[in-house]
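Contents: one structure, followed by commentary.
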Amino acid sequence: MTDESTRQTLDRFAADVCRPLPLVSVWAHGSLAGGDHRPGRSDLDLVAVLNRRCTRTERTRLAEAHESLARELPLAVKLHCAYLPVPEPGGPSRRHLTWAHEKLVRCPVTPVARRELHTFGMVLHGPPPAGPLPRVSDAELAAFVLGDLAGYWRPALAHRKRWRRDVWVDLGMLTLARALVPLREGRLITKAEALGELLGLGAPGEVVDDIRRRRYGEPRPATPDWTIRRAELTVSFLGPAIDRVLAEHSPAA
C-alpha cells in the first residue's frame, strides 16, 4: 500500500509523463516496492518499459513533463525513472534514458534493480517484469556488487569533503551493508535491515544512529563540527570494511 500523496504522484506521473510515450509497462522497485518507503524521504524508483526508443521530440517533452510535475507535486522531485525499450538493445550494461536528480541522463538498469523488480517489484501498469526483463543470476548480482564497491565506492573515499554531505554518508554506509547479504546469501535486504547489518560489522554507532534518525525518526540539525566528525568516522570505517569484503569475495580469494 502507498500513502495518498505518493499515490497521487504516481497517478499524475502515469497521466502526464507516460501517456504520450509508446508505453508497455511501468514498474516500481527500491523502497517503494520493498515496503521500506518513507514519503518525502525515500526516492520513487521506477522503470517505464517502451516498445521503442524515444525520439528527440519525445525526449524534450519528457523532460518538460517531469519538470512540470515536480513544480506541482513535492514528492515528484524524488521520482526517478529509467525508460527501457524492449527488446533491450545492448543488454543489461546498456545505458538508457533516465530521469534522475531533476535532469535527463543515461544510466543502466543495474542488476540490483533488476533483481528487485523480479523479487518484489510493484506493477503499476502493463505486464510484469517476468516477460520482457531477463532474470539476474546470483553470479551476475555478486559481480556487479563487487565491481560497484571496487570501482565506485572505494575510490570515492579519497574525496573526503563530499562525505560531509548526508547523501554520501547514507548511500555509502547502506550500500556496503546491502552488498554483504547478496554476496553471502544471494538475496536483497531493505535499508532498515542494512542498519542492523552495519552495527554487526562494527560501524560507528553515532553514524548509524544519525542515518536512522534522518530516515525513520526526527532528524536533528547537523552542526559543522558533527558533519566533519561524521565524515571522518564514515571514511575510516568504510575503507577497511570495503577492502575486507573485496578480499573475501573476489573470484581470486
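Letters for chains follow the order of the C-alpha cells (A, B, ...), residue numbers begin at 1 for each chain, and ligand numbers begin at 1 in the order shown.
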Query - Residues near range 91-98 of chain A, cut-off 8 Å, only C-alpha atoms, skip fewer than 2 positions along chain, as a PyMOL selection string - result: chain A and resi 80-84+88-89+100+104-111
With only C-alpha atoms counted and 12 Å as the cut-off, give the residues of range 210-240 of chain A in contact with range 195-205 of chain A, each with its shortest interatomic distance in Å and the pair that gives it, as a tab-separated table.
residue	atom	partner	partner_atom	distance
A:Asp210	CA	A:Gly205	CA	8.4
A:Ile211	CA	A:Leu195	CA	8.3
A:Arg212	CA	A:Leu195	CA	7.5
A:Arg213	CA	A:Leu195	CA	11.3
A:Arg215	CA	A:Leu195	CA	10.8
A:Tyr216	CA	A:Leu195	CA	11.2
A:Arg229	CA	A:Pro204	CA	11.1
A:Arg230	CA	A:Pro204	CA	9.1
A:Ala231	CA	A:Pro204	CA	11.1
A:Glu232	CA	A:Pro204	CA	10.5
A:Leu233	CA	A:Pro204	CA	6.7
A:Thr234	CA	A:Pro204	CA	7.5
A:Val235	CA	A:Ala203	CA	10.6
A:Ser236	CA	A:Pro204	CA	9.6
A:Phe237	CA	A:Ala203	CA	6.4
A:Leu238	CA	A:Ala203	CA	8.3
A:Gly239	CA	A:Ala203	CA	11.4
A:Pro240	CA	A:Ala203	CA	11.0
File dump, residues just selected, N, CA and C atoms, as a PDB file, in the first residue's frame:
ATOM      1  N   ASP A 210      22.586   8.352  13.435  1.00  0.00           N
ATOM      2  CA  ASP A 210      22.315   9.552  12.650  1.00  0.00           C
ATOM      3  C   ASP A 210      21.522   9.209  11.391  1.00  0.00           C
ATOM      4  N   ILE A 211      21.935   8.144  10.694  1.00  0.00           N
ATOM      5  CA  ILE A 211      21.207   7.706   9.495  1.00  0.00           C
ATOM      6  C   ILE A 211      19.793   7.289   9.863  1.00  0.00           C
ATOM      7  N   ARG A 212      19.644   6.534  10.937  1.00  0.00           N
ATOM      8  CA  ARG A 212      18.325   6.043  11.345  1.00  0.00           C
ATOM      9  C   ARG A 212      17.387   7.208  11.680  1.00  0.00           C
ATOM     10  N   ARG A 213      17.879   8.209  12.399  1.00  0.00           N
ATOM     11  CA  ARG A 213      17.025   9.354  12.753  1.00  0.00           C
ATOM     12  C   ARG A 213      16.551  10.086  11.511  1.00  0.00           C
ATOM     13  N   ARG A 215      16.201   8.966   8.501  1.00  0.00           N
ATOM     14  CA  ARG A 215      15.317   8.177   7.636  1.00  0.00           C
ATOM     15  C   ARG A 215      14.019   7.787   8.323  1.00  0.00           C
ATOM     16  N   TYR A 216      14.085   7.483   9.616  1.00  0.00           N
ATOM     17  CA  TYR A 216      12.913   6.916  10.286  1.00  0.00           C
ATOM     18  C   TYR A 216      12.408   7.736  11.468  1.00  0.00           C
ATOM     19  N   ARG A 229      33.129  15.433  11.826  1.00  0.00           N
ATOM     20  CA  ARG A 229      33.425  14.229  12.598  1.00  0.00           C
ATOM     21  C   ARG A 229      32.758  13.006  11.961  1.00  0.00           C
ATOM     22  N   ARG A 230      31.515  13.170  11.528  1.00  0.00           N
ATOM     23  CA  ARG A 230      30.791  12.055  10.899  1.00  0.00           C
ATOM     24  C   ARG A 230      31.503  11.591   9.641  1.00  0.00           C
ATOM     25  N   ALA A 231      32.009  12.540   8.842  1.00  0.00           N
ATOM     26  CA  ALA A 231      32.734  12.183   7.632  1.00  0.00           C
ATOM     27  C   ALA A 231      33.983  11.372   7.958  1.00  0.00           C
ATOM     28  N   GLU A 232      34.716  11.795   8.968  1.00  0.00           N
ATOM     29  CA  GLU A 232      35.934  11.080   9.343  1.00  0.00           C
ATOM     30  C   GLU A 232      35.611   9.681   9.842  1.00  0.00           C
ATOM     31  N   LEU A 233      34.574   9.562  10.665  1.00  0.00           N
ATOM     32  CA  LEU A 233      34.180   8.244  11.167  1.00  0.00           C
ATOM     33  C   LEU A 233      33.753   7.328  10.021  1.00  0.00           C
ATOM     34  N   THR A 234      32.999   7.881   9.074  1.00  0.00           N
ATOM     35  CA  THR A 234      32.490   7.089   7.957  1.00  0.00           C
ATOM     36  C   THR A 234      33.614   6.598   7.056  1.00  0.00           C
ATOM     37  N   VAL A 235      34.497   7.514   6.662  1.00  0.00           N
ATOM     38  CA  VAL A 235      35.597   7.150   5.772  1.00  0.00           C
ATOM     39  C   VAL A 235      36.541   6.160   6.449  1.00  0.00           C
ATOM     40  N   SER A 236      36.810   6.381   7.736  1.00  0.00           N
ATOM     41  CA  SER A 236      37.726   5.489   8.462  1.00  0.00           C
ATOM     42  C   SER A 236      37.158   4.083   8.588  1.00  0.00           C
ATOM     43  N   PHE A 237      35.827   3.971   8.663  1.00  0.00           N
ATOM     44  CA  PHE A 237      35.197   2.655   8.732  1.00  0.00           C
ATOM     45  C   PHE A 237      35.087   2.008   7.356  1.00  0.00           C
ATOM     46  N   LEU A 238      34.625   2.773   6.370  1.00  0.00           N
ATOM     47  CA  LEU A 238      34.319   2.177   5.070  1.00  0.00           C
ATOM     48  C   LEU A 238      35.554   1.657   4.340  1.00  0.00           C
ATOM     49  N   GLY A 239      36.674   2.360   4.425  1.00  0.00           N
ATOM     50  CA  GLY A 239      37.859   1.922   3.699  1.00  0.00           C
ATOM     51  C   GLY A 239      38.269   0.491   4.043  1.00  0.00           C
ATOM     52  N   PRO A 240      38.574   0.226   5.307  1.00  0.00           N
ATOM     53  CA  PRO A 240      38.940  -1.156   5.668  1.00  0.00           C
ATOM     54  C   PRO A 240      37.808  -2.154   5.461  1.00  0.00           C
TER      55      PRO A 240
END
>> I need the strand (DSSP E or B) residues of range 3-242 of chain A per DSSP on the backbone, written as a PyMOL selection string.
In response: chain A and resi 23-29+44-50+79-85+96-100+103-107+122-125
(message) Using DSSP assignments from the backbone, pull out every residue in range 69-161 of chain A that falls under alpha helix (DSSP H) and give it to me as a list in words.
(response)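 Residues of range 69-161 of chain A classed as alpha helix (DSSP H): Leu69, Ala70, Arg71, Glu72, Pro111, Val112, Ala113, Arg114, Arg115, Glu116, Leu117, His118, Thr119, Phe120, Asp138, Ala139, Glu140, Leu141, Ala142, Ala143, Phe144, Val145, Leu146, Gly147, Asp148, Arg154, Pro155 and Ala156 of chain A.
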If we count only C-alpha atoms and set the cut-off at 8 Å, which residues sit around Leu117 in chain A, ignoring sequence neighbours fewer than 6 positions away in its own chain? Please answer as a ChimeraX atom specification.
/A:27-29,129
Atoms to include: N, CA and C atoms. Write the selected residues as a PDB file, in the first residue's frame.
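To be explicit, this is the file written out as again02.pdb:
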ATOM      1  N   TRP A  27       6.968  -0.188 -13.756  1.00  0.00           N
ATOM      2  CA  TRP A  27       7.237  -0.964 -12.550  1.00  0.00           C
ATOM      3  C   TRP A  27       7.937  -0.086 -11.524  1.00  0.00           C
ATOM      4  N   ALA A  28       7.698  -0.385 -10.256  1.00  0.00           N
ATOM      5  CA  ALA A  28       8.420   0.260  -9.161  1.00  0.00           C
ATOM      6  C   ALA A  28       9.364  -0.745  -8.523  1.00  0.00           C
ATOM      7  N   HIS A  29      10.530  -0.253  -8.106  1.00  0.00           N
ATOM      8  CA  HIS A  29      11.454  -1.088  -7.334  1.00  0.00           C
ATOM      9  C   HIS A  29      11.944  -0.246  -6.161  1.00  0.00           C
ATOM     10  N   PRO A 129       7.514  -7.866 -14.846  1.00  0.00           N
ATOM     11  CA  PRO A 129       8.873  -7.999 -15.379  1.00  0.00           C
ATOM     12  C   PRO A 129       9.205  -9.378 -15.932  1.00  0.00           C
TER      13      PRO A 129
END
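In terms of minimum interatomic distance to Asp43 in chain A, A:Gly30 ranks closest within A:Gly30, A:Asp16, A:Glu218, A:Leu149, counting only C-alpha atoms.
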For a test of reading the model, state the distance in Å between CA of Ala63 in chain A and CA of Val112 in chain A, rounded to one decimal.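 According to the coordinates, CA of Ala63 in chain A and CA of Val112 in chain A are separated by 25.6 Å.
If you look at CA of Asp243 in chain A and CA of Ala113 in chain A, they are 24.1 Å away from each other.
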Which range 4-73 of chain A residues have any atom within 12 Å of an atom of range 120-123 of chain A, and for each, what is the nearest pair of atoms with distance in Å to one decimal, counting only C-alpha atoms, rows sorted by chain and number, as JSON lines?
{"residue": "A:Leu10", "atom": "CA", "partner": "A:Val123", "partner_atom": "CA", "distance": 11.8}
{"residue": "A:Val24", "atom": "CA", "partner": "A:Val123", "partner_atom": "CA", "distance": 11.4}
{"residue": "A:Ser25", "atom": "CA", "partner": "A:Val123", "partner_atom": "CA", "distance": 7.7}
{"residue": "A:Val26", "atom": "CA", "partner": "A:Val123", "partner_atom": "CA", "distance": 6.3}
{"residue": "A:Trp27", "atom": "CA", "partner": "A:Val123", "partner_atom": "CA", "distance": 4.7}
{"residue": "A:Ala28", "atom": "CA", "partner": "A:Met122", "partner_atom": "CA", "distance": 4.9}
{"residue": "A:His29", "atom": "CA", "partner": "A:Gly121", "partner_atom": "CA", "distance": 5.1}
{"residue": "A:Gly30", "atom": "CA", "partner": "A:Gly121", "partner_atom": "CA", "distance": 8.1}
{"residue": "A:Ser31", "atom": "CA", "partner": "A:Gly121", "partner_atom": "CA", "distance": 9.9}
{"residue": "A:Leu32", "atom": "CA", "partner": "A:Met122", "partner_atom": "CA", "distance": 8.1}
{"residue": "A:Ala33", "atom": "CA", "partner": "A:Met122", "partner_atom": "CA", "distance": 5.3}
{"residue": "A:Gly34", "atom": "CA", "partner": "A:Phe120", "partner_atom": "CA", "distance": 6.2}
{"residue": "A:Gly35", "atom": "CA", "partner": "A:Phe120", "partner_atom": "CA", "distance": 9.2}
{"residue": "A:Asp36", "atom": "CA", "partner": "A:Phe120", "partner_atom": "CA", "distance": 11.9}
{"residue": "A:Leu44", "atom": "CA", "partner": "A:Met122", "partner_atom": "CA", "distance": 11.6}
{"residue": "A:Asp45", "atom": "CA", "partner": "A:Gly121", "partner_atom": "CA", "distance": 10.4}
{"residue": "A:Leu46", "atom": "CA", "partner": "A:Met122", "partner_atom": "CA", "distance": 9.2}
{"residue": "A:Val47", "atom": "CA", "partner": "A:Val123", "partner_atom": "CA", "distance": 9.9}
{"residue": "A:Ala48", "atom": "CA", "partner": "A:Val123", "partner_atom": "CA", "distance": 10.4}
{"residue": "A:Val49", "atom": "CA", "partner": "A:Val123", "partner_atom": "CA", "distance": 11.3}
How about saving the chosen residues, N, CA, C and O atoms kept, as a compact mmCIF listing (two decimals), in the first residue's frame?
# COMPACT_ATOMS: atom_id res chain seq x y z
N LEU A 10 2.22 9.19 -8.30
CA LEU A 10 2.32 8.12 -9.29
C LEU A 10 1.22 8.22 -10.34
O LEU A 10 1.46 7.98 -11.54
N VAL A 24 4.63 0.30 -22.55
CA VAL A 24 4.27 -1.10 -22.38
C VAL A 24 3.94 -1.39 -20.92
O VAL A 24 2.90 -1.95 -20.60
N SER A 25 4.84 -1.02 -20.01
CA SER A 25 4.68 -1.29 -18.58
C SER A 25 5.32 -0.18 -17.77
O SER A 25 6.20 0.55 -18.26
N VAL A 26 4.89 -0.07 -16.51
CA VAL A 26 5.58 0.75 -15.52
C VAL A 26 5.72 -0.09 -14.26
O VAL A 26 4.74 -0.65 -13.76
N TRP A 27 6.97 -0.19 -13.76
CA TRP A 27 7.24 -0.96 -12.55
C TRP A 27 7.94 -0.09 -11.52
O TRP A 27 8.69 0.82 -11.87
N ALA A 28 7.70 -0.38 -10.26
CA ALA A 28 8.42 0.26 -9.16
C ALA A 28 9.36 -0.75 -8.52
O ALA A 28 9.05 -1.93 -8.42
N HIS A 29 10.53 -0.25 -8.11
CA HIS A 29 11.45 -1.09 -7.33
C HIS A 29 11.94 -0.25 -6.16
O HIS A 29 11.29 0.72 -5.77
N GLY A 30 13.06 -0.62 -5.55
CA GLY A 30 13.55 0.15 -4.41
C GLY A 30 12.64 0.07 -3.21
O GLY A 30 11.86 -0.88 -3.05
N SER A 31 12.71 1.09 -2.36
CA SER A 31 11.96 1.06 -1.10
C SER A 31 10.46 1.09 -1.31
O SER A 31 9.70 0.54 -0.52
N LEU A 32 9.99 1.72 -2.39
CA LEU A 32 8.55 1.78 -2.64
C LEU A 32 7.97 0.39 -2.82
O LEU A 32 6.92 0.05 -2.27
N ALA A 33 8.66 -0.46 -3.57
CA ALA A 33 8.18 -1.83 -3.80
C ALA A 33 8.54 -2.75 -2.64
O ALA A 33 7.82 -3.72 -2.37
N GLY A 34 9.65 -2.46 -1.95
CA GLY A 34 10.13 -3.35 -0.90
C GLY A 34 9.52 -3.14 0.46
O GLY A 34 9.86 -3.85 1.41
N GLY A 35 8.61 -2.15 0.60
CA GLY A 35 7.92 -1.94 1.86
C GLY A 35 8.66 -1.09 2.86
O GLY A 35 8.29 -1.03 4.04
N ASP A 36 9.70 -0.38 2.41
CA ASP A 36 10.51 0.44 3.32
C ASP A 36 10.43 1.92 2.94
O ASP A 36 11.30 2.71 3.29
N LEU A 44 11.38 7.65 -5.30
CA LEU A 44 10.41 6.83 -6.02
C LEU A 44 11.13 6.28 -7.25
O LEU A 44 11.36 6.99 -8.23
N ASP A 45 11.54 5.02 -7.17
CA ASP A 45 12.36 4.40 -8.22
C ASP A 45 11.47 3.60 -9.17
O ASP A 45 10.86 2.60 -8.78
N LEU A 46 11.44 4.03 -10.43
CA LEU A 46 10.54 3.44 -11.42
C LEU A 46 11.30 3.03 -12.68
O LEU A 46 12.37 3.55 -12.98
N VAL A 47 10.71 2.08 -13.40
CA VAL A 47 11.17 1.72 -14.73
C VAL A 47 9.95 1.73 -15.64
O VAL A 47 8.95 1.06 -15.36
N ALA A 48 10.03 2.51 -16.71
CA ALA A 48 8.97 2.53 -17.72
C ALA A 48 9.46 1.77 -18.94
O ALA A 48 10.51 2.11 -19.51
N VAL A 49 8.75 0.74 -19.33
CA VAL A 49 9.13 -0.08 -20.48
C VAL A 49 8.40 0.46 -21.71
O VAL A 49 7.18 0.65 -21.69
**Request:** Excluding range 181-190 of chain A and any residue of its chain fewer than 4 positions from it, enumerate the residues within 8 Å of it, using only C-alpha atoms, and give them as a PyMOL selection string.
**Result:** chain A and resi 31+34+36+116+138+141-142+145+177+194+249
Exercise. For Glu58 in chain A, list every protein, DNA or RNA residue within 10 Å, evaluated using only C-alpha atoms, and leave out those in the same chain fewer than 5 positions away; present the list as JSON, numbers by chain.
Key: {"A": [20, 21, 22, 53, 63, 64]}
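Coordinates place CA of Ala65 in chain A at a distance of 16.8 Å from CA of Leu50 in chain A.
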